[in-house]
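Asker: If you scroll down you'll find the structure; I have some questions about it.
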Amino acid sequence: MKILMGTKNPGKIEGAKQAFEKYFDNVEIEGISVDSEVGNQPFNEEILQGAKNRVKNLKKYAKENKLDIDFYVSSEAGITNSLGEWIDINCVIIENSKGFQSIGTSQGFPIPEKYIEEIKQTELGKVMGKIFSGKDLGKGKGGISYLTKNEVSRIDLTRNAFVMALTKHINGDVWR
C-alpha cells in the first residue's frame with residue numbers, strides 16, 4: 001500500500017505508519033514537503049484548512065509525477081479556542097484514491113493564555129523551544145513529551161488522530 005504524506009517530519013510519519021499498520025499490510029509512506037497554504041502557526045479553522053490543502057497539493061504532486069497512490073494523508077497541528085480555552089490539536093486528513101476523505105483529531109493539550117500572542121506571532125514549537133531550553137522539539141517526541149513527562153509523544157498524538165480518521169475507511173459502509 002502506497003501512501004503519500006504531506007510532511008517530512010519523522011515523528012508525524014511514524015505516527016501515521018503505526019496507525020495504518022494496525023489495519024493494513026505492507027504499508028509504505030513517503031513524506032513529501034507540500035505547502036499548507038496557511039500561516040506557520042495555524043489556529044482555529046486554519047488547522048483543518050491546512051490539512052486539506054496539503055492533501056490537495058499531494059494529489060497535484062502525484063499527478064504531475066504519474067504516481068499510483070492508495071492514500072493521500074496530511075497532519076496539521078495548531079491551536080484553537082473553539083472550546084473556550086486554548087488547546088493544541090493535531091488534525092489529519094486521509095483521502096483514498098477514489099476521493100473518499102475523512103478527518104480525525106488528536107487529543108488536545110492546554111496552552112497557557114500568557115503564551116498565546118507570542119505563539120500567534122511565531123509558532124508553538126519556537127515558544128516551547130524557549131521554555132524547554134532549546135531542545136530539538138520539532139522532530140520525534142515533540143514538546144508534548146516534556147509536558148507529559150514522557151507519557152505522550154508527538155508520535156502518539158499523530159497516531160491517535162490517524163486512527164480516528166481511519167474509522168471511515170475501515171468500517172465499510174457504516175460511516176458512508
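By convention in this document, the chains of the C-alpha cells carry letters A, B, ... by their order, each chain's residues are numbered from 1, and ligands are numbered from 1 in the order they are shown.
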Excluding range 36-39 of chain A and any residue of its chain fewer than 6 positions from it, enumerate the residues within 7 Å of it, using only C-alpha atoms, and give them as a ChimeraX atom specification.
Answerer: /A:46,50-51,53-54
Asker: Please provide as a ChimeraX atom specification all residues within 6 Å of Gly78 in chain A, with the sequence filter that same-chain residues fewer than 3 positions apart are discarded (counting only C-alpha atoms).
Answerer: /A:42-43,47,88-89
Asker: For the residues in the current selection, export N, CA and C atoms as an mmCIF file, in the first residue's frame.
Answerer:
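In the end it all went to result24.cif:
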data_model
loop_
_atom_site.group_PDB
_atom_site.id
_atom_site.type_symbol
_atom_site.label_atom_id
_atom_site.label_comp_id
_atom_site.auth_asym_id
_atom_site.auth_seq_id
_atom_site.Cartn_x
_atom_site.Cartn_y
_atom_site.Cartn_z
ATOM 1 N N PRO A 42 -0.924 27.726 12.468
ATOM 2 C CA PRO A 42 -2.364 27.726 12.218
ATOM 3 C C PRO A 42 -3.167 27.815 13.519
ATOM 4 N N PHE A 43 -4.300 28.508 13.452
ATOM 5 C CA PHE A 43 -5.203 28.488 14.595
ATOM 6 C C PHE A 43 -6.643 28.442 14.104
ATOM 7 N N ILE A 47 -6.400 25.158 10.934
ATOM 8 C CA ILE A 47 -5.821 23.836 11.188
ATOM 9 C C ILE A 47 -6.378 22.833 10.176
ATOM 10 N N ASP A 88 -3.845 22.860 21.968
ATOM 11 C CA ASP A 88 -3.154 22.462 20.747
ATOM 12 C C ASP A 88 -3.730 21.125 20.309
ATOM 13 N N ILE A 89 -4.093 21.024 19.038
ATOM 14 C CA ILE A 89 -4.589 19.761 18.494
ATOM 15 C C ILE A 89 -3.873 19.456 17.189
#
Asker: Restricting the calculation to only C-alpha atoms, which member of A:Glu64, A:Glu123, A:Glu118, A:Asp156 is positioned closest to Gln18 in chain A?
Answerer: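 Nearest to Gln18 in chain A: A:Asp156.
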Asker: In terms of the shortest atom-to-atom distance over only C-alpha atoms, which of A:Asn171, A:Asn96, A:Ser82, A:Asn160 is closest to Met1 in chain A?
Answerer: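 Nearest to Met1 in chain A: A:Asn96.
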Asker: Select, from A:Ile155, A:Met5, A:Ala16, A:Ile79, the residue with the minimum atom-to-atom distance to Tyr61 in chain A, counting only C-alpha atoms.
Answerer: A:Met5
Asker: Within range 36-105 of chain A, find each residue whose DSSP state, derived from the backbone, is strand (DSSP E), and express the selection as number ranges by chain.
Answerer: A: 71-80, 87-96, 101-105
Asker: List every residue of chain A that DSSP, applied to the backbone of this structure, places in alpha helix (DSSP H), and write the result as a ChimeraX atom specification.
Answerer: /A:10-21,45-64,116-121,124-131,143-147,154-170
Asker: Could you please take those selected residues and save C-alpha atoms as a short mmCIF file (atom, residue, chain, number, x, y, z; two decimals), in the first residue's frame?
Answerer:
data_model
loop_
_atom_site.label_atom_id
_atom_site.label_comp_id
_atom_site.auth_asym_id
_atom_site.auth_seq_id
_atom_site.Cartn_x
_atom_site.Cartn_y
_atom_site.Cartn_z
CA PRO A 10 9.78 11.84 11.04
CA GLY A 11 7.57 11.88 14.16
CA LYS A 12 4.42 12.58 12.17
CA ILE A 13 5.34 9.99 9.53
CA GLU A 14 5.95 7.36 12.21
CA GLY A 15 2.61 8.13 13.87
CA ALA A 16 0.77 7.71 10.56
CA LYS A 17 2.66 4.50 9.79
CA GLN A 18 1.76 2.99 13.17
CA ALA A 19 -1.93 3.81 12.65
CA PHE A 20 -2.11 2.36 9.13
CA GLU A 21 -0.20 -0.77 10.17
CA GLU A 45 -10.25 26.90 11.17
CA GLU A 46 -6.78 27.18 9.61
CA ILE A 47 -5.82 23.84 11.19
CA LEU A 48 -8.33 21.84 9.15
CA GLN A 49 -7.81 24.02 6.07
CA GLY A 50 -4.06 23.50 6.20
CA ALA A 51 -4.51 19.72 6.37
CA LYS A 52 -6.94 19.78 3.43
CA ASN A 53 -4.59 21.98 1.40
CA ARG A 54 -1.70 19.59 1.98
CA VAL A 55 -3.78 16.68 0.60
CA LYS A 56 -4.80 18.79 -2.41
CA ASN A 57 -1.15 19.59 -3.08
CA LEU A 58 -0.11 15.94 -2.63
CA LYS A 59 -2.64 14.89 -5.26
CA LYS A 60 -1.25 17.51 -7.63
CA TYR A 61 2.29 16.25 -6.96
CA ALA A 62 1.26 12.63 -7.60
CA LYS A 63 -0.48 13.54 -10.85
CA GLU A 64 2.50 15.56 -12.11
CA ILE A 116 -0.90 32.85 23.07
CA GLU A 117 0.14 36.16 21.49
CA GLU A 118 3.77 35.06 21.17
CA ILE A 119 2.66 31.74 19.65
CA LYS A 120 0.43 33.53 17.14
CA GLN A 121 3.35 35.78 16.13
CA LEU A 124 4.14 26.95 19.26
CA GLY A 125 7.31 24.96 18.58
CA LYS A 126 9.52 28.05 18.92
CA VAL A 127 7.87 29.13 22.16
CA MET A 128 8.16 25.61 23.58
CA GLY A 129 11.78 25.50 22.43
CA LYS A 130 12.47 28.58 24.57
CA ILE A 131 10.59 27.14 27.54
CA GLY A 143 7.18 19.29 23.19
CA ILE A 144 4.26 17.24 24.44
CA SER A 145 6.74 14.63 25.67
CA TYR A 146 8.21 17.22 28.04
CA LEU A 147 4.80 18.47 29.15
CA ARG A 154 4.06 13.68 19.05
CA ILE A 155 4.08 10.20 17.51
CA ASP A 156 1.26 9.18 19.89
CA LEU A 157 -0.81 12.29 19.09
CA THR A 158 -0.39 11.76 15.36
CA ARG A 159 -1.09 8.02 15.53
CA ASN A 160 -4.29 8.58 17.50
CA ALA A 161 -5.52 11.28 15.11
CA PHE A 162 -4.93 8.92 12.16
CA VAL A 163 -6.73 6.06 13.92
CA MET A 164 -9.73 8.39 14.38
CA ALA A 165 -9.68 9.37 10.69
CA LEU A 166 -9.30 5.73 9.61
CA THR A 167 -12.66 4.81 11.20
CA LYS A 168 -14.44 5.87 7.99
CA HIS A 169 -12.06 3.80 5.86
CA ILE A 170 -12.01 0.59 7.90
#
Asker: For Ser74 in chain A, which residue among A:Asn40, A:Ser133, A:Thr105, A:Asn26 is the nearest when counting only C-alpha atoms?
Answerer: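 Ranking A:Asn40, A:Ser133, A:Thr105, A:Asn26 by distance to Ser74 in chain A, first place goes to A:Thr105.
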Asker: What is the distance between CA of Ile103 in chain A and CA of Cys91 in chain A, in Å to one decimal?
Answerer: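 Separating CA of Ile103 in chain A from CA of Cys91 in chain A is a distance of 7.1 Å.
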